[in-house]
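Asks: I am sharing upload-v8.cif, which consists of mmCIF, C-alpha atoms:
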data_structure
loop_
_atom_site.label_atom_id
_atom_site.label_comp_id
_atom_site.auth_asym_id
_atom_site.auth_seq_id
_atom_site.Cartn_x
_atom_site.Cartn_y
_atom_site.Cartn_z
CA MET A 1 156.96 -37.22 43.25
CA LYS A 2 154.88 -34.21 42.27
CA PRO A 3 151.22 -34.69 41.25
CA ALA A 4 150.67 -35.29 37.55
CA LEU A 5 148.47 -32.18 37.39
CA PHE A 6 151.67 -30.11 37.53
CA GLY A 7 152.27 -31.29 33.98
CA LEU A 8 149.09 -29.58 32.78
CA HIS A 9 148.48 -25.89 32.25
CA PRO A 10 147.36 -23.99 35.39
CA ALA A 11 144.10 -23.11 33.62
CA VAL A 12 143.26 -26.82 33.39
CA SER A 13 143.90 -27.42 37.09
CA ALA A 14 141.92 -24.36 38.17
CA GLY A 15 139.10 -25.13 35.74
CA ALA A 16 138.84 -28.73 36.95
CA VAL A 17 138.55 -27.74 40.60
CA GLY A 18 136.12 -24.92 39.78
CA LEU A 19 133.92 -27.29 37.77
CA VAL A 20 133.77 -29.79 40.63
CA LEU A 21 132.81 -27.10 43.16
CA PHE A 22 130.24 -25.60 40.79
CA GLY A 23 128.53 -28.94 40.30
CA LEU A 24 128.70 -29.75 44.00
CA LEU A 25 126.98 -26.52 45.04
CA GLY A 26 124.67 -26.20 42.03
CA LEU A 27 123.24 -29.68 41.55
CA ASN A 28 122.25 -30.01 45.22
CA HIS A 29 122.15 -33.80 45.43
CA PRO A 30 123.64 -36.01 48.18
CA LEU A 31 125.30 -38.32 45.65
CA CYS A 32 127.21 -35.32 44.30
CA ALA A 33 128.78 -34.78 47.74
CA ALA A 34 129.75 -38.45 48.00
CA VAL A 35 131.19 -38.53 44.48
CA ALA A 36 133.10 -35.27 45.00
CA PHE A 37 134.58 -36.44 48.29
CA LEU A 38 135.63 -39.81 46.86
CA GLY A 39 137.06 -38.24 43.70
CA GLY A 40 139.04 -35.72 45.71
CA CYS A 41 140.46 -38.43 47.97
CA LEU A 42 141.51 -40.53 44.98
CA ALA A 43 143.08 -37.55 43.21
CA ASP A 44 145.00 -36.51 46.33
CA ASN A 45 148.24 -38.37 45.77
CA ASN A 46 150.20 -36.78 48.64
CA GLY A 47 147.54 -36.58 51.35
CA ARG A 48 146.45 -40.20 51.64
CA GLY A 49 145.88 -41.23 55.22
CA LYS A 50 145.90 -37.62 56.52
CA ARG A 51 142.18 -36.84 56.51
CA ARG A 52 141.13 -37.41 60.11
CA TRP A 53 140.60 -33.67 60.53
CA LEU A 54 137.76 -33.85 57.98
CA TRP A 55 135.55 -35.57 60.53
CA ALA A 56 135.27 -32.29 62.42
CA PHE A 57 133.89 -30.49 59.35
CA PHE A 58 131.47 -33.36 58.70
CA LEU A 59 130.19 -33.76 62.26
CA LEU A 60 129.74 -30.05 63.01
CA PRO A 61 126.75 -29.46 60.65
CA ALA A 62 125.48 -33.01 61.12
CA ILE A 63 125.11 -32.47 64.88
CA THR A 64 124.16 -28.81 65.06
CA ASN A 65 121.57 -28.72 62.27
CA PRO A 66 119.01 -31.02 63.98
CA LEU A 67 119.47 -29.07 67.20
CA PHE A 68 118.76 -25.65 65.69
CA SER A 69 116.61 -26.45 62.64
CA HIS A 70 113.25 -28.03 63.42
CA ALA A 71 111.62 -27.82 60.01
CA GLY A 72 110.23 -30.95 58.43
CA VAL A 73 107.06 -33.01 58.61
CA THR A 74 108.55 -36.32 59.81
CA VAL A 75 108.85 -35.88 63.57
CA LEU A 76 110.96 -38.58 65.22
CA CYS A 77 110.84 -37.35 68.81
CA TYR A 78 110.84 -34.20 70.90
CA LEU A 79 113.91 -32.62 72.48
CA PRO A 80 113.96 -31.68 76.19
CA ASP A 81 113.20 -28.05 75.29
CA GLY A 82 110.05 -29.13 73.46
CA ASN A 83 111.28 -28.64 69.87
CA PRO A 84 110.75 -31.51 67.45
CA LEU A 85 113.58 -33.61 66.04
CA THR A 86 112.73 -34.25 62.39
CA LEU A 87 114.11 -36.70 59.87
CA GLU A 88 114.53 -33.93 57.29
CA SER A 89 116.78 -31.87 59.57
CA ILE A 90 118.98 -34.90 60.30
CA CYS A 91 119.34 -35.81 56.63
CA TYR A 92 120.05 -32.22 55.62
CA GLY A 93 122.66 -31.95 58.38
CA LEU A 94 124.41 -35.07 57.07
CA TYR A 95 124.27 -33.65 53.54
CA ALA A 96 125.64 -30.27 54.64
CA GLY A 97 128.48 -31.97 56.52
CA SER A 98 129.43 -34.09 53.51
CA VAL A 99 129.37 -31.03 51.26
CA LEU A 100 131.64 -29.12 53.66
CA ALA A 101 134.07 -32.05 53.86
CA ALA A 102 134.16 -32.34 50.06
CA VAL A 103 134.78 -28.60 49.69
CA MET A 104 137.67 -28.82 52.15
CA VAL A 105 139.22 -31.72 50.21
CA TRP A 106 139.05 -29.91 46.89
CA GLY A 107 140.21 -26.65 48.44
CA GLN A 108 143.26 -28.44 49.78
CA LEU A 109 143.89 -29.91 46.34
CA PHE A 110 143.56 -26.48 44.72
CA PHE A 111 146.16 -24.85 46.94
CA ARG A 112 148.43 -27.87 46.50
CA TRP A 113 148.25 -27.79 42.70
CA MET A 114 148.05 -24.02 42.25
CA THR A 115 151.32 -22.86 43.71
CA ALA A 116 152.35 -19.21 43.78
CA ASP A 117 154.16 -19.52 40.44
CA ARG A 118 151.20 -21.19 38.75
CA LEU A 119 148.81 -18.54 40.06
CA GLU A 120 151.14 -15.87 38.74
CA VAL A 121 151.11 -17.56 35.33
CA LEU A 122 147.32 -17.86 35.32
CA LEU A 123 146.38 -14.39 36.59
CA GLY A 124 149.49 -12.33 35.89
CA SER A 125 148.26 -10.83 32.62
CA MET A 126 144.57 -10.46 33.59
CA LEU A 127 144.79 -9.43 37.25
CA PRO A 128 148.42 -8.53 37.97
CA GLN A 129 147.78 -6.92 41.36
CA TRP A 130 145.57 -9.73 42.66
CA SER A 131 147.90 -12.40 41.33
CA LEU A 132 150.84 -10.76 43.10
CA PHE A 133 148.81 -10.49 46.31
CA LEU A 134 147.80 -14.17 46.19
CA ALA A 135 151.32 -15.27 45.34
CA MET A 136 152.78 -13.32 48.27
CA THR A 137 150.08 -14.65 50.62
CA LEU A 138 150.72 -18.24 49.60
CA ARG A 139 154.42 -17.66 50.05
CA LEU A 140 154.11 -16.00 53.45
CA THR A 141 151.71 -18.49 55.06
CA PRO A 142 154.06 -21.54 55.13
CA ARG A 143 157.00 -19.35 56.12
CA LEU A 144 154.98 -17.93 59.02
CA ALA A 145 154.03 -21.43 60.19
CA GLU A 146 157.63 -22.61 59.94
CA ARG A 147 158.92 -19.60 61.87
CA GLY A 148 156.27 -20.18 64.54
CA ARG A 149 157.38 -23.79 64.99
CA GLU A 150 161.00 -22.66 65.30
CA MET A 151 160.14 -20.06 67.94
CA ALA A 152 157.98 -22.54 69.85
CA GLY A 153 160.82 -25.07 69.87
CA LEU A 154 163.23 -22.54 71.33
CA SER A 155 160.94 -21.55 74.21
CA PRO A 156 161.34 -23.73 77.33
CA LEU A 157 157.76 -22.98 78.41
CA TRP A 158 156.37 -25.33 75.76
CA GLN A 159 158.16 -28.32 77.30
CA GLU A 160 156.95 -27.72 80.86
CA LYS A 161 153.89 -29.60 82.12
CA GLY A 162 151.19 -28.07 84.26
CA GLN A 163 152.36 -24.50 83.68
CA TRP A 164 149.27 -23.41 81.73
CA ARG A 165 149.52 -19.76 82.79
CA LYS A 166 153.08 -19.55 81.57
CA LYS A 167 152.07 -21.28 78.35
CA VAL A 168 149.32 -18.71 77.78
CA ARG A 169 151.87 -15.92 78.22
CA ALA A 170 154.20 -17.81 75.88
CA VAL A 171 151.44 -17.95 73.25
CA PHE A 172 150.93 -14.17 73.43
CA SER A 173 154.67 -13.51 73.28
CA LEU A 174 154.96 -15.88 70.32
CA ALA A 175 152.10 -14.11 68.53
CA LEU A 176 153.74 -10.72 69.10
CA ALA A 177 157.08 -12.01 67.85
CA LEU A 178 155.47 -13.46 64.73
CA LEU A 179 153.60 -10.21 64.13
CA GLY A 180 156.84 -8.23 64.37
CA TRP A 181 158.60 -10.65 62.05
CA ALA A 182 155.75 -10.45 59.51
CA LEU A 183 155.77 -6.63 59.56
CA GLU A 184 159.54 -6.52 59.17
CA ASN A 185 159.38 -9.02 56.33
CA GLY A 186 156.66 -6.94 54.67
CA VAL A 187 158.79 -3.78 54.85
CA GLU A 188 161.79 -5.61 53.38
CA THR A 189 159.64 -7.03 50.57
CA ALA A 190 158.15 -3.61 49.80
CA MET A 191 161.60 -2.01 49.63
CA ALA A 192 162.89 -4.79 47.36
CA MET A 193 159.87 -4.41 45.04
CA LYS A 194 160.32 -0.65 44.91
CA VAL A 195 163.98 -1.05 43.96
CA ARG A 196 162.98 -3.45 41.17
CA GLY A 197 160.54 -0.93 39.70
CA TYR A 198 157.17 -2.26 40.80
CA GLY A 199 154.46 0.36 40.47
CA LEU A 200 156.21 2.47 37.83
CA GLY A 201 154.22 1.09 34.90
CA ARG A 202 153.30 -2.03 33.01
CA ARG A 203 155.88 -4.80 33.38
CA THR A 204 156.80 -7.63 31.09
CA ALA A 205 156.75 -11.19 32.39
CA PHE A 206 158.33 -14.47 31.42
CA VAL A 207 155.80 -17.32 31.29
CA PRO A 208 157.56 -20.71 31.50
CA VAL A 209 154.34 -22.60 30.62
CA THR A 210 153.03 -23.39 27.15
CA VAL A 211 149.61 -24.63 26.11
CA THR A 212 150.10 -28.10 24.64
CA ARG A 213 147.70 -30.17 22.59
CA ARG A 214 146.81 -32.17 25.70
CA ASP A 215 145.90 -28.95 27.49
CA ARG A 216 143.67 -27.87 24.60
CA TRP A 217 141.79 -31.18 24.62
CA ALA A 218 141.43 -30.98 28.39
CA LEU A 219 140.02 -27.45 28.17
CA VAL A 220 137.58 -28.50 25.44
CA GLY A 221 136.40 -31.42 27.58
CA LEU A 222 136.03 -29.20 30.64
CA GLY A 223 134.06 -26.70 28.58
CA GLY A 224 131.67 -29.41 27.39
CA LEU A 225 131.17 -30.72 30.92
CA ALA A 226 130.65 -27.18 32.20
CA ALA A 227 127.94 -26.52 29.57
CA ALA A 228 126.15 -29.78 30.41
CA LEU A 229 126.28 -29.16 34.16
CA MET A 230 125.14 -25.58 33.63
CA ALA A 231 122.09 -26.88 31.76
CA ALA A 232 121.40 -29.37 34.57
CA VAL A 233 121.62 -26.62 37.18
CA ILE A 234 119.37 -24.25 35.24
CA THR A 235 116.71 -26.91 34.56
CA LYS A 236 116.98 -28.25 38.14
CA SER A 237 116.99 -31.78 36.74
CA CYS A 238 119.08 -33.10 39.64
CA ARG A 239 117.88 -30.88 42.44
CA MET A 240 116.61 -32.44 45.68
CA VAL A 241 114.14 -30.73 47.99
CA TRP A 242 114.76 -31.15 51.70
CA TYR A 243 112.06 -29.07 53.41
CA PRO A 244 109.30 -29.45 54.40
CA LYS A 245 109.40 -32.97 52.96
CA MET A 246 112.25 -34.71 51.17
CA MET A 247 111.59 -35.17 47.47
CA GLY A 248 113.97 -36.40 44.81
CA PRO A 249 114.31 -35.22 41.20
CA GLU A 250 111.22 -35.51 39.03
CA ASN A 251 112.97 -36.97 35.98
CA MET A 252 115.27 -39.77 37.13
CA VAL A 253 116.77 -40.25 33.64
CA LEU A 254 118.00 -36.65 33.42
CA ALA A 255 119.18 -36.85 37.02
CA ALA A 256 121.18 -40.01 36.26
CA VAL A 257 122.75 -38.35 33.21
CA ALA A 258 123.70 -35.26 35.23
CA LEU A 259 125.18 -37.38 38.02
CA GLY A 260 127.14 -39.42 35.48
CA LEU A 261 128.62 -36.30 33.89
CA TYR A 262 129.47 -34.94 37.32
CA GLY A 263 131.18 -38.22 38.15
CA VAL A 264 133.32 -37.82 35.05
CA ALA A 265 134.26 -34.30 36.19
CA CYS A 266 135.28 -35.63 39.62
CA PHE A 267 137.10 -38.81 38.68
CA TRP A 268 139.00 -37.88 35.52
CA LEU A 269 141.70 -36.23 37.62
CA ALA A 270 142.23 -39.44 39.60
CA VAL A 271 142.32 -41.47 36.38
CA PHE A 272 144.82 -39.06 34.84
CA GLU A 273 146.99 -39.25 37.98
CA TRP A 274 146.88 -43.06 37.88
CA MET A 275 147.78 -43.17 34.18
CA GLU A 276 150.75 -40.86 34.71
CA GLU A 277 151.98 -42.97 37.62
CA ARG A 278 151.75 -46.10 35.47
CA ARG A 279 153.66 -44.37 32.69
CA TRP A 280 156.45 -43.28 35.02
CA ALA A 281 156.60 -46.73 36.62
CA ARG A 282 156.78 -48.40 33.21
CA HIS A 283 159.89 -46.38 32.43
CA GLY A 284 161.39 -47.05 35.86
CA LEU A 285 161.14 -43.41 37.00
CA SER A 286 158.60 -43.69 39.83
#
Do you think you could lay out the structure here as structure tokens?
Replies:
Amino acid sequence: MKPALFGLHPAVSAGAVGLVLFGLLGLNHPLCAAVAFLGGCLADNNGRGKRRWLWAFFLLPAITNPLFSHAGVTVLCYLPDGNPLTLESICYGLYAGSVLAAVMVWGQLFFRWMTADRLEVLLGSMLPQWSLFLAMTLRLTPRLAERGREMAGLSPLWQEKGQWRKKVRAVFSLALALLGWALENGVETAMAMKVRGYGLGRRTAFVPVTVTRRDRWALVGLGGLAAALMAAVITKSCRMVWYPKMMGPENMVLAAVALGLYGVACFWLAVFEWMEERRWARHGLS
């Protein structure tokens, strides 16, 4: 079953993801990272249970930041090289790791919801060249991965054990074969586009997506949330200072309001997905 966001206009999907990322990077609060990560996991209907790779993006800044950044006034101990290990560097490393993991979750959701056709619908009239480039890139990437798996399955060197030198040569030969296939595919695509008249002038396009009343209400709601979060970012009502000493927002009431609005921006997609699943299940179409 496709995600329910496919039933909305591409502008709604792109605007929702953009609003979440804007609030995550602009508000600069650790709760925003936790809320964004949890909201992205709940909205990801097809990727549940496939997020072990996110630990690498979380642990990389969390481990490296205290080792290379020694700012902060709360010294916990001293490293063997004599540099101090501070509480502020550890906390900021954990925050940076959670932000990176949340960005990866929402980036995965964006490229899952915004397929090549939906990007073409969204950007075809405004940026036709860039929309065509993105659509072709999104189309080529999975085909390249699939062709690489096929070539790797046909090579007997991948099944041998202990032959690491032969496997290294097999990797280079596979990369050269994939490069040749990609160049040949690019030439064929360019010739087909030239035959169809690309580059001769402005082209008409058929847009199989209409803006419904639900899309209009969703865009109005996203616009209101964007204005509120923009005001919170400009006034720094939710901003947290990490160095040289950790300090929270000055006005906790405004910070709570900003965090609540950001929670709405993160979780409404999961609620919408859940409501659509219930509606399909009620009609026996799940």
Asks: Output as a Markdown table one row per residue of region 16-43 of chain A within 10 Å of region 9-12 of chain A: the closest atom pair and its distance in Å to one decimal place, counting all atoms listed in the file, sorted by chain and residue number ascending.
Replies:
| residue | atom | partner | partner_atom | distance |
| --- | --- | --- | --- | --- |
| A:Ala16 | CA | A:Val12 | CA | 6.0 |
| A:Val17 | CA | A:Val12 | CA | 8.7 |
| A:Gly18 | CA | A:Val12 | CA | 9.8 |
Asks: Using all atoms listed in the file, find the one residue out of A:Val75, A:Val103, A:Ala116, A:Ala256 that sits nearest to Met136 (chain A).
Replies: A:Ala116
Asks: Please evaluate the PyMOL selection byres ((chain A and resi 30) around 9) against the displayed coordinates and give the resulting residues as a ChimeraX atom specification.
Replies: /A:28-29,31-35,94-96,98-99,240
Asks: Select, from A:Gly180, A:Gly40, A:Gly186, A:Gly15, the residue with the minimum atom-to-atom distance to Leu140 (chain A), counting only C-alpha atoms.
Replies: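 Result for the nearest residue to Leu140 (chain A): A:Gly186.
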Asks: I'd like the neighbourhood of region 58-63 of chain A as a compact mmCIF listing (two decimals) with C-alpha atoms, keeping the file's coordinate frame, where a residue qualifies if any of its atoms comes within 8 Å (using all atoms listed in the file), though same-chain residues fewer than 2 positions away should be ignored.
Replies:
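Result went into out_27.txt, see below:
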# COMPACT_ATOMS: atom_id res chain seq x y z
CA LEU A 54 137.76 -33.85 57.98
CA TRP A 55 135.55 -35.57 60.53
CA ALA A 56 135.27 -32.29 62.42
CA ASN A 65 121.57 -28.72 62.27
CA PRO A 66 119.01 -31.02 63.98
CA LEU A 67 119.47 -29.07 67.20
CA ILE A 90 118.98 -34.90 60.30
CA TYR A 92 120.05 -32.22 55.62
CA GLY A 93 122.66 -31.95 58.38
CA LEU A 94 124.41 -35.07 57.07
CA TYR A 95 124.27 -33.65 53.54
CA ALA A 96 125.64 -30.27 54.64
CA GLY A 97 128.48 -31.97 56.52
CA SER A 98 129.43 -34.09 53.51
CA LEU A 100 131.64 -29.12 53.66
CA ALA A 101 134.07 -32.05 53.86
Asks: Translate the PyMOL selection byres ((chain A and resi 259) around 12), as applied to the file shown, into an explicit residue set as a PyMOL selection string.
Replies: chain A and resi 20+23-24+26-36+225+228-229+232-233+237-239+249+252-258+260-266
Asks: Restricted to C-alpha atoms, what would the selected residues look like written as a compact mmCIF listing (two decimals), keeping the file's coordinate frame?
Replies:
# COMPACT_ATOMS: atom_id res chain seq x y z
CA VAL A 20 133.77 -29.79 40.63
CA GLY A 23 128.53 -28.94 40.30
CA LEU A 24 128.70 -29.75 44.00
CA GLY A 26 124.67 -26.20 42.03
CA LEU A 27 123.24 -29.68 41.55
CA ASN A 28 122.25 -30.01 45.22
CA HIS A 29 122.15 -33.80 45.43
CA PRO A 30 123.64 -36.01 48.18
CA LEU A 31 125.30 -38.32 45.65
CA CYS A 32 127.21 -35.32 44.30
CA ALA A 33 128.78 -34.78 47.74
CA ALA A 34 129.75 -38.45 48.00
CA VAL A 35 131.19 -38.53 44.48
CA ALA A 36 133.10 -35.27 45.00
CA LEU A 225 131.17 -30.72 30.92
CA ALA A 228 126.15 -29.78 30.41
CA LEU A 229 126.28 -29.16 34.16
CA ALA A 232 121.40 -29.37 34.57
CA VAL A 233 121.62 -26.62 37.18
CA SER A 237 116.99 -31.78 36.74
CA CYS A 238 119.08 -33.10 39.64
CA ARG A 239 117.88 -30.88 42.44
CA PRO A 249 114.31 -35.22 41.20
CA MET A 252 115.27 -39.77 37.13
CA VAL A 253 116.77 -40.25 33.64
CA LEU A 254 118.00 -36.65 33.42
CA ALA A 255 119.18 -36.85 37.02
CA ALA A 256 121.18 -40.01 36.26
CA VAL A 257 122.75 -38.35 33.21
CA ALA A 258 123.70 -35.26 35.23
CA GLY A 260 127.14 -39.42 35.48
CA LEU A 261 128.62 -36.30 33.89
CA TYR A 262 129.47 -34.94 37.32
CA GLY A 263 131.18 -38.22 38.15
CA VAL A 264 133.32 -37.82 35.05
CA ALA A 265 134.26 -34.30 36.19
CA CYS A 266 135.28 -35.63 39.62
Asks: Between CA of Leu200 (chain A) and CA of Gln129 (chain A), what distance in Å does the model show, to one decimal?
Replies: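 Spanning CA of Leu200 (chain A) to CA of Gln129 (chain A) is a straight-line distance of 13.1 Å.
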Asks: Choose the residue, out of A:Ala281, A:Met246, A:Ala231, A:Ala270, that has the smallest atom-to-atom separation from Val73 (chain A); count only C-alpha atoms.
Replies: A:Met246
Asks: Kindly provide, as a list in words, the polymer residues lying within 8 Å of (116.0, -38.9, 52.0), counting all atoms listed in the file and using the coordinates exactly as they appear in the file.
Replies: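 Every polymer residue passing the test: Glu88, Cys91, Trp242, Met246, Met247 and Gly248 of chain A.
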Asks: Between CA of Thr212 (chain A) and CA of Leu8 (chain A), what is the distance, to one decimal in Å?
Replies: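 Here the two named atoms are 8.3 Å from each other.
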Asks: Extract, using all atoms listed in the file, all DNA, RNA and protein residues at most 8 Å from Ala71 (chain A), discarding same-chain residues fewer than 4 positions from it, and format them as a PyMOL selection string.
Replies: chain A and resi 86+88-89+243-244
Asks: Rounded to one decimal place, report the CA of Met230 (chain A)-CA of Trp217 (chain A) distance in Å.
Replies: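 Between these atoms lies a distance of 19.7 Å.
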Asks: Between A:Val241, A:Leu176, A:Met193, A:Val220, which has the minimum distance to Leu132 (chain A) (counting all atoms listed in the file)?
Replies: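 Checking each of A:Val241, A:Leu176, A:Met193, A:Val220 against Leu132 (chain A), counting all atoms listed in the file, the winner is A:Met193.
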Asks: Mind checking which residues fall within 10 Å of Leu42 (chain A), counting all atoms listed in the file, ignoring those fewer than 5 positions away in the same chain, and posting them as JSON, numbers by chain?
Replies: {"A": [36, 37, 47, 48, 266, 267, 269, 270, 271, 273, 274]}
Asks: Measuring atom to atom with only C-alpha atoms, identify which of A:Ala182, A:Ala14, A:Ala190, A:Cys41 is nearest to Thr115 (chain A).
Replies: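 So, comparing all the options, the nearest one is A:Ala14.
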Asks: Which residue out of A:Leu38, A:Leu134, A:Ala145, A:Met191 has the minimum interatomic distance to Leu178 (chain A) when all atoms listed in the file are used?
Replies: A:Ala145
